[in-house]
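**Q** Next comes the structure file final-v7.csv, holding CSV, C-alpha atoms.
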chain,number,residue,atom,x,y,z
N,1,MET,CA,-34.9,21.7,35.5
N,2,ASN,CA,-36.4,18.3,34.8
N,3,PRO,CA,-39.3,17.8,37.2
N,4,GLU,CA,-39.0,14.0,37.0
N,5,ARG,CA,-35.4,14.0,38.0
N,6,PRO,CA,-34.4,15.6,41.3
N,7,GLU,CA,-31.3,17.7,41.3
N,8,PRO,CA,-28.3,16.0,42.9
N,9,PRO,CA,-27.2,17.4,46.3
N,10,GLU,CA,-24.4,19.8,46.4
N,11,GLU,CA,-21.0,18.2,46.9
N,12,PRO,CA,-19.6,19.0,50.3
N,13,ALA,CA,-16.6,21.2,50.4
N,14,GLY,CA,-13.5,19.1,50.1
N,15,ARG,CA,-10.7,19.1,52.5
N,16,PRO,CA,-7.5,20.8,51.2
N,17,ILE,CA,-4.8,18.3,50.2
N,18,GLY,CA,-1.1,18.7,50.7
N,19,ARG,CA,1.5,18.9,47.9
N,20,ARG,CA,2.8,15.4,48.7
N,21,VAL,CA,-0.7,13.9,48.3
N,22,PHE,CA,-1.3,15.8,45.1
N,23,LEU,CA,1.9,14.8,43.5
N,24,GLY,CA,1.3,11.2,44.6
N,25,THR,CA,-2.1,11.2,42.9
N,26,LEU,CA,-0.5,12.5,39.7
N,27,GLY,CA,2.1,9.8,39.9
N,28,LEU,CA,-0.5,7.1,40.2
N,29,GLY,CA,-2.3,8.5,37.2
N,30,ALA,CA,0.8,8.5,35.1
N,31,LEU,CA,1.6,4.9,36.2
N,32,GLY,CA,-1.9,3.9,35.1
N,33,VAL,CA,-1.4,5.4,31.7
N,34,ALA,CA,2.1,3.8,31.3
N,35,THR,CA,0.9,0.4,32.4
N,36,ALA,CA,-2.5,0.3,30.7
N,37,PRO,CA,-1.2,-1.2,27.4
N,38,VAL,CA,0.6,-3.9,29.3
N,39,LEU,CA,-2.4,-4.7,31.4
N,40,GLN,CA,-4.7,-4.6,28.3
N,41,ARG,CA,-2.4,-7.1,26.4
N,42,GLY,CA,-2.5,-9.3,29.5
N,43,LEU,CA,-6.3,-9.2,29.6
N,44,GLU,CA,-6.6,-9.9,25.9
N,45,GLY,CA,-4.2,-12.9,26.3
N,46,LEU,CA,-6.1,-14.2,29.3
N,47,LEU,CA,-9.5,-13.9,27.5
N,48,GLY,CA,-8.2,-15.5,24.4
N,49,SER,CA,-6.6,-18.5,26.3
N,50,VAL,CA,-9.8,-19.0,28.3
N,51,ALA,CA,-12.0,-18.7,25.3
N,52,GLY,CA,-9.9,-21.4,23.5
N,53,GLU,CA,-10.8,-23.8,26.3
N,54,ASP,CA,-14.4,-22.7,26.8
N,55,PRO,CA,-17.0,-25.0,25.1
N,56,THR,CA,-19.9,-22.8,26.4
N,57,GLY,CA,-18.9,-19.7,24.5
N,58,LEU,CA,-19.6,-17.6,27.6
N,59,THR,CA,-16.3,-15.9,27.4
N,60,GLY,CA,-17.5,-14.5,24.1
N,61,LEU,CA,-19.6,-12.1,26.1
N,62,LEU,CA,-16.5,-10.4,27.5
N,63,PRO,CA,-15.1,-7.5,25.4
N,64,ASN,CA,-11.5,-6.5,25.3
N,65,GLY,CA,-10.1,-3.0,24.8
N,66,GLY,CA,-10.2,-3.4,21.0
N,67,GLY,CA,-14.0,-4.0,21.1
N,68,PHE,CA,-13.7,-7.6,19.9
N,69,ARG,CA,-15.3,-10.6,21.6
N,70,TYR,CA,-13.4,-13.9,21.7
N,71,TYR,CA,-15.5,-16.8,20.5
N,72,SER,CA,-14.9,-20.4,19.5
N,73,VAL,CA,-17.4,-23.2,18.8
N,74,ALA,CA,-14.8,-25.8,19.5
N,75,ALA,CA,-13.8,-27.0,23.0
N,76,SER,CA,-10.2,-26.1,22.2
N,77,VAL,CA,-8.2,-24.9,19.2
N,78,PRO,CA,-4.7,-26.1,18.3
N,79,HIS,CA,-2.0,-23.5,17.5
N,80,ARG,CA,-0.4,-23.5,14.1
N,81,SER,CA,3.0,-21.9,13.5
N,82,ALA,CA,4.6,-20.7,10.3
N,83,ALA,CA,6.4,-24.0,10.2
N,84,ASP,CA,3.3,-26.3,10.3
N,85,TYR,CA,0.5,-24.1,8.8
N,86,ARG,CA,-1.0,-25.2,5.5
N,87,LEU,CA,-3.9,-23.8,3.5
N,88,THR,CA,-5.3,-26.2,0.8
N,89,VAL,CA,-7.2,-25.1,-2.3
N,90,ASP,CA,-9.1,-28.0,-3.9
N,91,GLY,CA,-12.4,-29.2,-5.2
N,92,LEU,CA,-13.6,-28.2,-8.7
N,93,VAL,CA,-10.2,-26.7,-9.8
N,94,ASP,CA,-7.6,-27.7,-12.4
N,95,ARG,CA,-4.6,-27.0,-10.2
N,96,PRO,CA,-5.2,-27.9,-6.5
N,97,ARG,CA,-2.4,-27.0,-4.2
N,98,GLY,CA,-1.4,-26.2,-0.6
N,99,TYR,CA,0.2,-23.0,0.6
N,100,THR,CA,2.6,-22.5,3.4
N,101,LEU,CA,2.4,-19.3,5.4
N,102,ALA,CA,5.6,-18.0,3.8
N,103,GLU,CA,4.1,-18.6,0.3
N,104,LEU,CA,0.9,-16.7,1.2
N,105,ARG,CA,3.0,-13.8,2.5
N,106,ALA,CA,5.0,-13.7,-0.8
N,107,LEU,CA,1.9,-13.2,-2.8
N,108,PRO,CA,0.5,-9.6,-3.6
N,109,GLN,CA,-1.2,-8.2,-0.6
N,110,THR,CA,-4.3,-6.0,-0.3
N,111,ARG,CA,-5.0,-3.8,2.7
N,112,LEU,CA,-8.6,-2.9,3.6
N,113,VAL,CA,-9.8,-0.7,6.5
N,114,LYS,CA,-13.5,-1.3,7.2
N,115,ASP,CA,-15.8,-1.5,10.2
N,116,VAL,CA,-16.3,-5.0,11.6
N,117,GLN,CA,-20.0,-5.8,12.5
N,118,CYS,CA,-21.0,-8.8,14.6
N,119,VAL,CA,-24.5,-10.2,14.1
N,120,THR,CA,-24.9,-10.0,17.9
N,121,GLY,CA,-24.6,-6.2,17.8
N,122,TRP,CA,-21.1,-5.1,18.6
N,123,ARG,CA,-19.1,-3.2,16.1
N,124,VAL,CA,-15.4,-2.2,15.8
N,125,PRO,CA,-14.9,0.8,13.5
N,126,GLY,CA,-12.0,1.3,11.1
N,127,THR,CA,-10.3,-2.1,11.5
N,128,PRO,CA,-7.3,-2.8,9.1
N,129,PHE,CA,-7.1,-6.2,7.5
N,130,GLN,CA,-4.4,-7.3,5.1
N,131,GLY,CA,-3.9,-10.4,3.0
N,132,VAL,CA,-4.3,-12.1,-0.4
N,133,ARG,CA,-7.5,-11.6,-2.4
N,134,LEU,CA,-9.4,-14.8,-2.5
N,135,ALA,CA,-10.1,-14.2,-6.1
N,136,ASP,CA,-6.3,-14.4,-6.8
N,137,LEU,CA,-6.1,-17.9,-5.2
N,138,LEU,CA,-9.1,-19.1,-7.2
N,139,ASP,CA,-7.6,-17.8,-10.4
N,140,ALA,CA,-4.3,-19.5,-9.7
N,141,ALA,CA,-6.2,-22.8,-9.0
N,142,GLY,CA,-8.2,-22.6,-12.3
N,143,VAL,CA,-11.9,-22.8,-11.3
N,144,ARG,CA,-13.9,-25.2,-13.5
N,145,PRO,CA,-17.1,-24.1,-15.3
N,146,SER,CA,-19.3,-26.3,-13.1
N,147,ALA,CA,-18.2,-24.4,-10.0
N,148,LYS,CA,-20.9,-22.3,-8.2
N,149,ALA,CA,-19.6,-21.8,-4.6
N,150,ILE,CA,-16.8,-22.1,-2.0
N,151,ARG,CA,-16.7,-24.1,1.2
N,152,PHE,CA,-14.3,-23.0,3.9
N,153,THR,CA,-13.0,-25.3,6.6
N,154,CYS,CA,-11.0,-24.5,9.7
N,155,PHE,CA,-8.3,-26.3,11.8
N,156,ASP,CA,-10.4,-26.1,14.9
N,157,GLY,CA,-12.1,-29.2,13.4
N,158,THR,CA,-15.6,-27.8,13.8
N,159,TYR,CA,-16.2,-24.5,12.0
N,160,SER,CA,-17.2,-24.1,8.4
N,161,GLU,CA,-18.4,-21.3,6.1
N,162,SER,CA,-19.6,-20.7,2.6
N,163,LEU,CA,-19.8,-18.1,-0.2
N,164,THR,CA,-21.1,-18.2,-3.7
N,165,LEU,CA,-18.4,-18.0,-6.3
N,166,ALA,CA,-19.5,-14.4,-7.2
N,167,GLN,CA,-19.2,-13.3,-3.6
N,168,ALA,CA,-15.8,-15.0,-3.2
N,169,ARG,CA,-14.5,-13.1,-6.2
N,170,ARG,CA,-15.3,-9.7,-4.7
N,171,PRO,CA,-12.2,-7.4,-4.2
N,172,ASP,CA,-13.1,-7.0,-0.5
N,173,VAL,CA,-12.9,-10.7,0.4
N,174,LEU,CA,-9.4,-11.6,1.7
N,175,VAL,CA,-7.5,-14.6,3.0
N,176,ALA,CA,-6.2,-12.4,5.8
N,177,LEU,CA,-2.7,-12.6,7.3
N,178,ARG,CA,-2.7,-9.4,9.3
N,179,MET,CA,-5.2,-7.5,11.4
N,180,GLN,CA,-4.8,-4.1,13.0
N,181,ASP,CA,-1.4,-3.9,11.3
N,182,LYS,CA,-0.1,-6.9,13.1
N,183,ASP,CA,0.3,-10.5,12.1
N,184,MET,CA,-2.9,-12.4,12.7
N,185,GLY,CA,-2.7,-13.8,16.3
N,186,HIS,CA,-4.2,-17.1,17.3
N,187,ASP,CA,-6.9,-15.5,19.4
N,188,HIS,CA,-8.2,-13.6,16.3
N,189,GLY,CA,-8.1,-16.7,14.1
N,190,GLY,CA,-4.5,-16.8,13.0
N,191,PRO,CA,-2.2,-17.3,11.5
N,192,VAL,CA,-4.8,-17.1,8.6
N,193,ARG,CA,-8.5,-16.3,8.6
N,194,LEU,CA,-11.1,-15.4,6.0
N,195,TYR,CA,-12.2,-11.8,5.9
N,196,VAL,CA,-15.5,-10.9,4.2
N,197,ALA,CA,-15.7,-7.2,4.6
N,198,PRO,CA,-19.4,-6.5,3.6
N,199,MET,CA,-20.9,-9.4,5.6
N,200,TYR,CA,-21.5,-10.1,9.3
N,201,PHE,CA,-18.3,-11.3,11.0
N,202,TYR,CA,-19.4,-14.9,11.4
N,203,LYS,CA,-18.7,-15.2,7.6
N,204,SER,CA,-15.0,-14.3,8.3
N,205,ALA,CA,-14.0,-17.8,9.4
N,206,LYS,CA,-11.2,-18.0,11.9
N,207,TRP,CA,-8.3,-20.6,11.7
N,208,LEU,CA,-8.8,-21.1,8.0
N,209,SER,CA,-7.3,-24.3,6.6
N,210,GLY,CA,-9.3,-25.3,3.6
N,211,ILE,CA,-10.9,-23.6,0.5
N,212,THR,CA,-12.9,-26.1,-1.5
N,213,VAL,CA,-14.6,-25.1,-4.7
N,214,THR,CA,-18.1,-26.8,-5.0
N,215,ASP,CA,-21.0,-27.1,-7.3
N,216,ARG,CA,-23.5,-25.6,-4.8
N,217,VAL,CA,-23.6,-23.6,-1.6
N,218,ARG,CA,-23.2,-25.8,1.4
N,219,PRO,CA,-24.4,-23.8,4.5
N,220,GLY,CA,-21.7,-23.3,7.2
N,221,TYR,CA,-21.8,-23.9,10.9
N,222,TRP,CA,-24.0,-21.0,11.9
N,223,GLU,CA,-26.3,-21.2,8.8
N,224,ASN,CA,-27.2,-24.7,9.9
N,225,LEU,CA,-28.3,-23.2,13.2
N,226,GLY,CA,-30.5,-20.6,11.6
N,227,TYR,CA,-28.3,-17.7,10.5
N,228,ASP,CA,-28.7,-16.3,7.0
N,229,VAL,CA,-26.4,-17.8,4.3
N,230,ASP,CA,-26.2,-14.4,2.5
N,231,ALA,CA,-25.1,-12.3,5.5
N,232,TRP,CA,-24.9,-8.8,4.1
N,233,VAL,CA,-24.5,-6.3,7.0
N,234,GLY,CA,-27.8,-4.4,7.4
N,235,ARG,CA,-29.7,-6.6,4.9
N,236,SER,CA,-29.9,-9.9,6.6
N,237,ASN,CA,-30.5,-11.7,9.9
N,238,GLY,CA,-33.3,-9.3,10.7
N,239,ARG,CA,-30.9,-6.5,11.4
N,240,THR,CA,-30.6,-2.9,10.1
N,241,ASP,CA,-27.0,-2.1,10.9
N,242,GLU,CA,-25.1,0.4,8.8
N,243,PRO,CA,-23.1,-1.3,6.0
N,244,THR,CA,-19.5,-1.9,6.6
N,245,SER,CA,-18.3,-1.1,3.1
Written as structure tokens, how would this file's structure read?
**A**
Amino acid sequence: MNPERPEPPEEPAGRPIGRRVFLGTLGLGALGVATAPVLQRGLEGLLGSVAGEDPTGLTGLLPNGGGFRYYSVAASVPHRSAADYRLTVDGLVDRPRGYTLAELRALPQTRLVKDVQCVTGWRVPGTPFQGVRLADLLDAAGVRPSAKAIRFTCFDGTYSESLTLAQARRPDVLVALRMQDKDMGHDHGGPVRLYVAPMYFYKSAKWLSGITVTDRVRPGYWENLGYDVDAWVGRSNGRTDEPTS
């Protein structure tokens, strides 16, 4: 017995319940199990829509059942459909071009299952992402010898990110089209987002619209506010989290 912690009082003997009440309780439990996925999807949709219109970022403190937090640094984020989405690859390349969503889907796809680690502390284990390796898009564009880094821009009109060229060519860096074995939804940065598996999740820019090859690293949105540019999980930002890959 722990002397610093008094034992809880004994529970009073319960009153017997009738068969009708017992069966009713079981029915409510079954109803809760059956409706939980529907309610959860509704909650996720509500949080996502509210976060998209929340310039304070306070809705980012609210988790959903998948463990993710919704967050946007823009006051609102437009939606892009398969019909109007475009991803441009330009800068220090020989063959700049734009990709439609259909064209990205037609390219060879890579599926990764890694933990997702946010720099604020939350972690979602074993999350599948699928998409095109960033290295493949860079090879198709013909990166010039003077290139040293990549700048990423987003159709929220505000967010940006960066990687060195060597980081961008890693096999665990994707232009992601699917997450959790579903098409990338708007709330999670769809239809296309960046996924940098071994780095904190702020490097995985949502609502990706531009990949620009540059001659130097240009710090992204959060780096300009004090976050580390090289954001390896467990080896940056003063944190000691377990690596995600």
**Q** Please compute the atom CA of N:Pro198-atom CA of N:Ser81 distance, one decimal, in Å.
**A**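 Taking atom CA of N:Pro198 as the start and atom CA of N:Ser81 as the end point, the length is 28.9 Å.
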**Q** Let me make sure I understand: among N:Met199, N:Val93, N:Ala83, N:Leu107, which one has the smallest atom-to-atom distance to N:Ser146 if we use all atoms listed in the file?
**A**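 For N:Ser146, the nearest of the candidates is N:Val93.
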**Q** Distance cut-off 10 Å, centre (-23.6, -8.8, 18.0) in file coordinates, counting only C-alpha atoms: which residues qualify? Return them as a ChimeraX atom specification.
**A** /N:61,69,117-123,200-202
**Q** Which residues, written as number ranges by chain, have at least one atom at most 9 Å from N:Thr100, with all atoms listed in the file counted and residues fewer than 5 positions away on the same chain left out?
**A** N: 82-87, 105
**Q** Hey, which of N:Gly226, N:Gly98, N:Gly131, N:Gly142 ends up closest to N:Val173? Count all atoms listed in the file.
**A**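 Once distances to N:Val173 are computed over all atoms listed in the file, the minimum belongs to N:Gly131.
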